[in-house]
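Peer 1: Handing over target_8.cif, mmCIF, C-alpha atoms.
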data_protein
#
loop_
_atom_site.label_atom_id
_atom_site.label_comp_id
_atom_site.auth_asym_id
_atom_site.auth_seq_id
_atom_site.Cartn_x
_atom_site.Cartn_y
_atom_site.Cartn_z
CA MET H 1451 -12.88 -5.12 17.22
CA PRO H 1452 -12.24 -5.49 13.46
CA ASN H 1453 -8.82 -4.60 12.16
CA PRO H 1454 -8.21 -1.09 10.79
CA THR H 1455 -8.59 -0.73 7.03
CA ALA H 1456 -6.51 1.04 4.41
CA ALA H 1457 -6.41 2.16 0.81
CA MET H 1458 -3.45 3.02 -1.38
CA LEU H 1459 -3.46 5.85 -3.91
CA THR H 1460 -0.64 5.70 -6.47
CA ILE H 1461 -0.11 8.97 -8.31
CA GLY H 1462 1.65 9.45 -11.62
CA ASP H 1463 1.20 9.58 -15.38
CA GLU H 1464 4.20 7.28 -15.75
CA ILE H 1465 2.35 4.45 -14.00
CA LEU H 1466 -0.73 4.83 -16.19
CA ALA H 1467 1.42 5.04 -19.32
CA GLY H 1468 3.12 1.75 -18.48
CA ARG H 1469 6.59 3.28 -18.36
CA THR H 1470 6.98 2.49 -14.65
CA ARG H 1471 5.81 -0.61 -12.80
CA ASP H 1472 4.40 -0.05 -9.34
CA ALA H 1473 6.42 -1.98 -6.76
CA ASN H 1474 5.05 -0.02 -3.81
CA MET H 1475 1.57 -1.51 -3.51
CA PRO H 1476 2.77 -5.12 -2.98
CA HIS H 1477 5.31 -3.89 -0.43
CA LEU H 1478 2.68 -1.89 1.45
CA ALA H 1479 0.17 -4.76 1.38
CA CYS H 1480 2.65 -7.12 3.06
CA ALA H 1481 3.77 -4.53 5.62
CA LEU H 1482 0.18 -3.67 6.55
CA ALA H 1483 -0.79 -7.33 6.91
CA GLU H 1484 2.00 -7.78 9.45
CA ARG H 1485 0.71 -4.73 11.32
CA GLY H 1486 -2.88 -5.95 11.31
CA ILE H 1487 -4.17 -3.29 8.91
CA ALA H 1488 -6.23 -4.63 6.02
CA LEU H 1489 -5.51 -3.11 2.61
CA ARG H 1490 -8.94 -2.99 0.96
CA GLU H 1491 -8.47 -0.84 -2.14
CA ALA H 1492 -5.78 0.45 -4.48
CA ARG H 1493 -6.21 3.20 -7.06
CA VAL H 1494 -3.97 4.86 -9.63
CA VAL H 1495 -4.62 8.45 -10.74
CA ALA H 1496 -2.88 10.78 -13.14
CA ASP H 1497 -0.94 13.92 -12.26
CA ASP H 1498 -4.15 15.95 -12.13
CA ALA H 1499 -4.80 18.08 -9.05
CA ALA H 1500 -8.59 17.76 -9.10
CA GLU H 1501 -8.46 13.99 -9.59
CA ILE H 1502 -5.93 13.54 -6.79
CA ALA H 1503 -7.96 15.65 -4.37
CA ALA H 1504 -11.20 13.84 -5.26
CA ALA H 1505 -9.59 10.43 -4.78
CA VAL H 1506 -8.06 11.46 -1.45
CA ASN H 1507 -11.41 12.70 -0.16
CA ALA H 1508 -13.27 9.60 -1.33
CA LEU H 1509 -10.77 7.19 0.20
CA ARG H 1510 -10.17 8.98 3.50
CA ALA H 1511 -13.90 8.98 4.19
CA ARG H 1512 -14.12 5.23 3.68
CA TYR H 1513 -10.96 3.76 5.24
CA THR H 1514 -9.04 4.09 8.49
CA HIS H 1515 -5.86 5.04 6.61
CA VAL H 1516 -4.93 6.23 3.12
CA PHE H 1517 -1.36 5.85 1.86
CA THR H 1518 -0.24 7.79 -1.21
CA SER H 1519 2.79 7.15 -3.36
CA GLY H 1520 4.41 9.55 -5.81
CA GLY H 1521 4.31 13.21 -6.74
CA ILE H 1522 6.27 14.86 -3.91
CA GLY H 1523 9.52 15.58 -5.76
CA PRO H 1524 11.01 18.86 -7.07
CA THR H 1525 9.50 19.07 -10.56
CA HIS H 1526 6.47 20.93 -11.90
CA ASP H 1527 4.37 17.75 -12.11
CA ASP H 1528 4.94 16.86 -8.44
CA ILE H 1529 1.60 18.19 -7.22
CA THR H 1530 0.54 15.67 -4.58
CA ALA H 1531 1.24 17.89 -1.55
CA ASP H 1532 -0.77 20.77 -3.02
CA SER H 1533 -3.60 18.42 -4.00
CA VAL H 1534 -3.79 16.89 -0.51
CA ALA H 1535 -3.80 20.37 1.03
CA ALA H 1536 -6.68 21.28 -1.29
CA ALA H 1537 -8.56 18.12 -0.33
CA PHE H 1538 -8.37 19.12 3.34
CA GLY H 1539 -8.93 22.81 2.66
CA VAL H 1540 -5.71 23.94 4.37
CA LYS H 1541 -2.80 26.19 3.39
CA ILE H 1542 0.56 24.89 2.22
CA GLY H 1543 4.03 26.43 2.25
CA VAL H 1544 7.70 25.80 2.97
CA ARG H 1545 7.99 24.69 6.58
CA GLU H 1546 11.16 25.48 8.47
CA ASP H 1547 11.60 22.07 10.10
CA ALA H 1548 11.19 20.38 6.71
CA ARG H 1549 13.64 22.84 5.16
CA ALA H 1550 16.20 22.13 7.90
CA ILE H 1551 15.90 18.37 7.38
CA LEU H 1552 16.22 18.72 3.62
CA ALA H 1553 19.30 20.94 3.99
CA THR H 1554 21.20 18.11 5.68
CA HIS H 1555 21.18 16.21 2.38
CA TYR H 1556 23.36 18.80 0.61
CA ALA H 1557 27.02 19.69 1.08
CA ASN H 1558 26.32 23.36 0.36
CA PRO H 1559 22.64 23.94 1.13
CA GLU H 1560 22.90 27.70 0.57
CA VAL H 1561 23.61 26.95 -3.09
CA ASP H 1562 22.18 23.46 -3.64
CA LEU H 1563 18.86 23.98 -1.91
CA ASN H 1564 17.38 25.90 -4.85
CA ALA H 1565 13.76 26.86 -5.48
CA ALA H 1566 12.95 23.55 -7.17
CA ARG H 1567 14.32 21.48 -4.30
CA LEU H 1568 12.54 23.66 -1.77
CA ARG H 1569 9.28 22.40 -3.25
CA MET H 1570 10.01 19.22 -1.29
CA ALA H 1571 9.80 21.21 1.96
CA ARG H 1572 6.30 22.48 1.23
CA ILE H 1573 4.02 20.89 3.82
CA PRO H 1574 0.28 21.39 4.37
CA GLU H 1575 -0.74 23.20 7.54
CA GLY H 1576 -1.30 20.83 10.46
CA ALA H 1577 0.62 17.90 8.99
CA THR H 1578 3.10 15.66 10.82
CA LEU H 1579 6.34 14.84 9.02
CA ILE H 1580 7.26 11.30 7.93
CA ASP H 1581 11.00 10.62 8.15
CA ASN H 1582 12.96 9.88 4.98
CA PRO H 1583 16.36 8.41 5.94
CA VAL H 1584 17.29 7.80 2.29
CA SER H 1585 17.10 11.23 0.63
CA LYS H 1586 15.89 13.37 3.56
CA ALA H 1587 12.91 15.01 1.78
CA PRO H 1588 10.10 14.22 4.24
CA GLY H 1589 6.66 12.87 3.60
CA PHE H 1590 3.78 13.86 5.83
CA SER H 1591 0.60 12.67 7.52
CA LEU H 1592 -2.48 14.86 7.48
CA GLY H 1593 -5.46 13.41 9.28
CA ASN H 1594 -5.62 9.78 8.17
CA VAL H 1595 -3.74 10.40 4.90
CA HIS H 1596 -0.05 9.47 4.73
CA VAL H 1597 1.84 11.02 1.81
CA MET H 1598 5.05 9.30 0.69
CA ALA H 1599 7.54 9.22 -2.16
CA GLY H 1600 7.20 7.06 -5.25
CA VAL H 1601 10.80 5.83 -5.43
CA PRO H 1602 10.52 2.28 -4.04
CA SER H 1603 13.54 2.44 -1.72
CA VAL H 1604 12.33 5.74 -0.23
CA PHE H 1605 8.73 4.55 0.00
CA ALA H 1606 9.80 1.41 1.85
CA ALA H 1607 11.91 3.41 4.31
CA MET H 1608 9.03 5.81 4.96
CA VAL H 1609 6.60 2.92 5.54
CA GLU H 1610 9.03 1.33 8.01
CA GLY H 1611 9.22 4.54 10.01
CA LEU H 1612 5.52 5.33 9.82
CA LEU H 1613 3.85 2.04 10.72
CA PRO H 1614 4.98 1.93 14.38
CA ARG H 1615 3.02 5.19 14.86
CA LEU H 1616 -0.22 3.61 13.68
CA THR H 1617 -2.55 1.44 15.74
CA GLY H 1618 -2.90 -1.96 14.13
CA GLY H 1619 -4.82 -5.12 14.88
CA ALA H 1620 -4.12 -8.82 14.84
CA PRO H 1621 -1.67 -9.70 12.04
CA LEU H 1622 -3.28 -11.27 8.99
CA LEU H 1623 -1.95 -14.82 8.64
CA SER H 1624 -2.10 -17.09 5.59
CA ALA H 1625 -1.75 -20.75 4.67
CA THR H 1626 -1.31 -22.17 1.16
CA VAL H 1627 -2.32 -25.60 -0.13
CA ARG H 1628 -1.08 -26.62 -3.56
CA ALA H 1629 -3.45 -28.58 -5.79
CA GLY H 1630 -2.46 -30.39 -8.96
CA LEU H 1631 -5.91 -29.78 -10.44
CA PRO H 1632 -7.46 -27.15 -12.72
CA GLU H 1633 -9.79 -24.55 -11.23
CA GLY H 1634 -12.83 -26.09 -12.88
CA GLU H 1635 -12.41 -29.30 -10.90
CA LEU H 1636 -11.92 -27.42 -7.63
CA ALA H 1637 -14.61 -24.77 -7.90
CA ALA H 1638 -17.71 -26.53 -6.57
CA ALA H 1639 -16.06 -28.14 -3.55
CA LEU H 1640 -14.10 -24.97 -2.85
CA ALA H 1641 -17.28 -22.89 -2.82
CA ASP H 1642 -18.83 -25.25 -0.26
CA LEU H 1643 -15.72 -25.05 1.91
CA ALA H 1644 -15.65 -21.24 1.72
CA ALA H 1645 -19.28 -21.17 2.84
CA ALA H 1646 -18.34 -23.32 5.83
CA PHE H 1647 -15.63 -20.81 6.80
CA PRO H 1648 -17.27 -17.38 6.25
CA ASP H 1649 -14.81 -15.75 8.65
CA VAL H 1650 -11.77 -16.94 6.66
CA GLY H 1651 -10.78 -15.48 3.30
CA ILE H 1652 -10.23 -18.30 0.80
CA GLY H 1653 -8.87 -17.72 -2.69
CA CYS H 1654 -7.89 -19.85 -5.66
CA TYR H 1655 -4.88 -18.83 -7.77
CA PRO H 1656 -4.27 -20.96 -10.88
CA PHE H 1657 -0.91 -21.65 -12.51
CA ASN H 1658 0.57 -23.88 -15.19
CA PHE H 1659 3.56 -26.10 -14.49
CA GLY H 1660 4.71 -26.91 -17.99
CA ASP H 1661 1.55 -28.23 -19.65
CA ARG H 1662 -0.05 -29.27 -16.35
CA PRO H 1663 -2.58 -26.95 -14.68
CA GLY H 1664 -2.73 -26.46 -10.96
CA ALA H 1665 -3.81 -23.98 -8.32
CA ASN H 1666 -2.66 -22.55 -5.02
CA LEU H 1667 -5.50 -22.42 -2.51
CA VAL H 1668 -4.85 -19.67 0.02
CA ALA H 1669 -6.64 -19.17 3.33
CA ARG H 1670 -6.26 -15.88 5.26
CA SER H 1671 -7.35 -15.00 8.77
CA ALA H 1672 -6.23 -13.09 11.84
CA ASP H 1673 -7.40 -16.05 13.99
CA PRO H 1674 -4.70 -18.76 13.99
CA GLU H 1675 -7.10 -21.49 15.14
CA ARG H 1676 -9.65 -20.77 12.43
CA LEU H 1677 -6.84 -20.55 9.88
CA ALA H 1678 -5.50 -23.94 10.94
CA SER H 1679 -8.97 -25.49 10.66
CA ALA H 1680 -9.53 -24.01 7.20
CA ALA H 1681 -6.08 -25.13 6.01
CA ALA H 1682 -6.74 -28.67 7.23
CA ALA H 1683 -10.07 -28.68 5.40
CA LEU H 1684 -8.36 -27.46 2.22
CA GLU H 1685 -5.76 -30.22 2.47
CA ALA H 1686 -8.49 -32.83 2.90
CA LEU H 1687 -10.46 -31.41 -0.01
CA VAL H 1688 -7.46 -31.53 -2.34
CA ALA H 1689 -6.52 -35.04 -1.23
CA ASP H 1690 -10.05 -36.31 -1.89
CA LEU H 1691 -10.29 -34.68 -5.32
CA GLU H 1692 -6.85 -35.83 -6.40
CA ALA H 1693 -7.59 -39.39 -5.21
CA GLY H 1694 -10.90 -39.41 -7.06
CA ARG H 1695 -9.20 -38.21 -10.22
CA GLY H 1696 -6.56 -40.95 -10.01
#
Rewrite the coordinates I just gave you, this time as structure tokens.

Peer 2:
Amino acid sequence: MPNPTAAMLTIGDEILAGRTRDANMPHLACALAERGIALREARVVADDAAEIAAAVNALRARYTHVFTSGGIGPTHDDITADSVAAAFGVKIGVREDARAILATHYANPEVDLNAARLRMARIPEGATLIDNPVSKAPGFSLGNVHVMAGVPSVFAAMVEGLLPRLTGGAPLLSATVRAGLPEGELAAALADLAAAFPDVGIGCYPFNFGDRPGANLVARSADPERLASAAAALEALVADLEAGRG
């Protein structure tokens, strides 16, 4: 059976405006690879209810899992929970178990748990809570959509608690071969090698070391034997090309 697939939906005007850099997608990609879930797509949308709902519906129909980041805080522009509820066509409101969890974060919840903060206890009908050990405000899973905070430390904690609940596949492994050659001198031979290993993902990632170009050739596969064979072929390819150049 192929591994489950996933998409990530990052929500927030601040990401699109360039004021905030997204650290959550790289973290999620690595965590999913270890779990054997293949991240296939990542999108960023603005704080717009219709756009969020449309993206959620498009992604959840295509992938095994959808992970969202951002827009579940206490302010007026935190509209992700409402937008996900709209996407599924379900009601949303303050849920007592979410309220009780949130109250444990405050010394005087009768005073501190005001109307704004209670927005973080609004959960769509039928959802399962995602634990937040950092700031207590829970995320939630509804169907195959997992809604989490945008703050990187909270997002990471939520992912750590959520992933054991999800069925994964074989972990995606990788091997890297460094080549002291520019992409243009690698391309033809690399294309032939990739064709010989259609079941292994092979990528070329160029860099400059001072004024000298080079590239990291990366092979990825859930099959350790096929990965080892592809890595050996990459090493031989690079050795041959570098010897021919010298």

Peer 1: Dig up all the protein and nucleic acid residues within 8 Å of (-10.9, -12.3, 14.4) in the file frame, using only C-alpha atoms, and format them as a PyMOL selection string.

Peer 2: chain H and resi 1451-1452+1620+1649+1671-1673

Peer 1: Looking at only C-alpha atoms, which of H:Arg1670, H:His1477, H:Arg1662, H:Arg1469 is the one that sits closest to H:Pro1621?

Peer 2: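 Once distances to H:Pro1621 are computed over only C-alpha atoms, the minimum belongs to H:Arg1670.
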
Peer 1: Which residues are near H:Thr1530? Cut-off 9 Å, only C-alpha atoms, ignore same chain within fewer than 6 positions. Put them as a PyMOL selection string.

Peer 2: chain H and resi 1461+1497-1499+1502-1503+1518-1522+1597

Peer 1: Can you translate the PyMOL selection byres ((chain H and resi 1473) around 10) into the concrete residues it hits in this file, as a list in words?

Peer 2: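 Taken on the displayed file, the PyMOL selection byres ((chain H and resi 1473) around 10) yields the residues Thr1470, Arg1471, Asp1472, Asn1474, Met1475, Pro1476, His1477, Leu1478, Gly1600, Val1601, Pro1602, Ser1603, Phe1605 and Ala1606 of chain H.
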
Peer 1: Need to verify the contact set: H:Ala1511, 12 Å, only C-alpha atoms, exclusion of same-chain residues closer than 2 positions in sequence. Can you return it as a count of residues only?

Peer 2: 18

Peer 1: What would the list of residues within 12 Å of (6.0, 14.0, -0.8) (file frame) look like as JSON, numbers by chain, if all atoms listed in the file are what count?

Peer 2: {"H": [1461, 1517, 1518, 1519, 1520, 1521, 1522, 1523, 1524, 1525, 1528, 1529, 1530, 1531, 1532, 1533, 1534, 1535, 1548, 1567, 1568, 1569, 1570, 1571, 1572, 1573, 1574, 1577, 1579, 1580, 1581, 1582, 1585, 1586, 1587, 1588, 1589, 1590, 1591, 1592, 1595, 1596, 1597, 1598, 1599, 1600, 1601, 1604, 1605, 1608]}

Peer 1: Counting all atoms listed in the file, which of H:Gly1651, H:Gly1630, H:Arg1676, H:Gly1694 gets nearest to H:Pro1663?

Peer 2: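 Of H:Gly1651, H:Gly1630, H:Arg1676, H:Gly1694, the one nearest H:Pro1663 is H:Gly1630, counting all atoms listed in the file.
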
Peer 1: Between H:Ala1488, H:Cys1480, H:Val1688, H:Ala1637, which has the minimum distance to H:Pro1454 (counting only C-alpha atoms)?

Peer 2: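 Among H:Ala1488, H:Cys1480, H:Val1688, H:Ala1637, it is H:Ala1488 that comes nearest to H:Pro1454.
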
Peer 1: Nearest to H:Ala1639 among H:Gly1660, H:Leu1687, H:Cys1654, H:Gly1619, with distances taken over only C-alpha atoms: which residue is it?

Peer 2: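 Once distances to H:Ala1639 are computed over only C-alpha atoms, the minimum belongs to H:Leu1687.
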
Peer 1: Quick check, in Å to one decimal: how far apart do atom CA of H:Leu1640 and atom CA of H:Ile1652 lie?

Peer 2: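 Going from atom CA of H:Leu1640 over to atom CA of H:Ile1652, I get 8.5 Å.
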
Peer 1: As an exercise, work out the distance from atom CA of H:Arg1490 to atom CA of H:Leu1667 in Å and give it to one decimal place.

Peer 2: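 Distance between the two atoms: 20.0 Å.
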
Peer 1: What is the distance, in Å and to one decimal place, between atom CA of H:Ala1607 and atom CA of H:Thr1554?

Peer 2: 17.4 Å

Peer 1: When the PyMOL selection byres ((chain H and resi 1678) around 12) is applied to the file above, which residues end up in the set, as number ranges by chain?

Peer 2: H: 1623-1627, 1647, 1650, 1668-1677, 1679-1685

Peer 1: Applying 10 Å and only C-alpha atoms, which residues near H:Leu1631 remain after dropping the ones on its own chain fewer than 5 positions away? List them as a count of residues only.

Peer 2: 13

Peer 1: Write out as JSON an axis-aligned box for stretch 1626-1645 of chain H: all of its atoms listed in the file, 8 Å added on each side, centre and edge lengths in Å with one decimal.

Peer 2:
{"center_x": -10.2, "center_y": -25.8, "center_z": -5.0, "size_x": 34.2, "size_y": 25.2, "size_z": 31.7}

Peer 1: Measuring atom to atom with all atoms listed in the file, identify which of H:Leu1552, H:Glu1491, H:His1526, H:Leu1613 is nearest to H:Arg1512.

Peer 2: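 Using all atoms listed in the file, the shortest distance to H:Arg1512 belongs to H:Glu1491.
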
Peer 1: For H:Glu1610, which of H:Gly1539, H:Asp1562, H:Pro1583, H:Pro1632 is the closest residue, counting all atoms listed in the file?

Peer 2: H:Pro1583
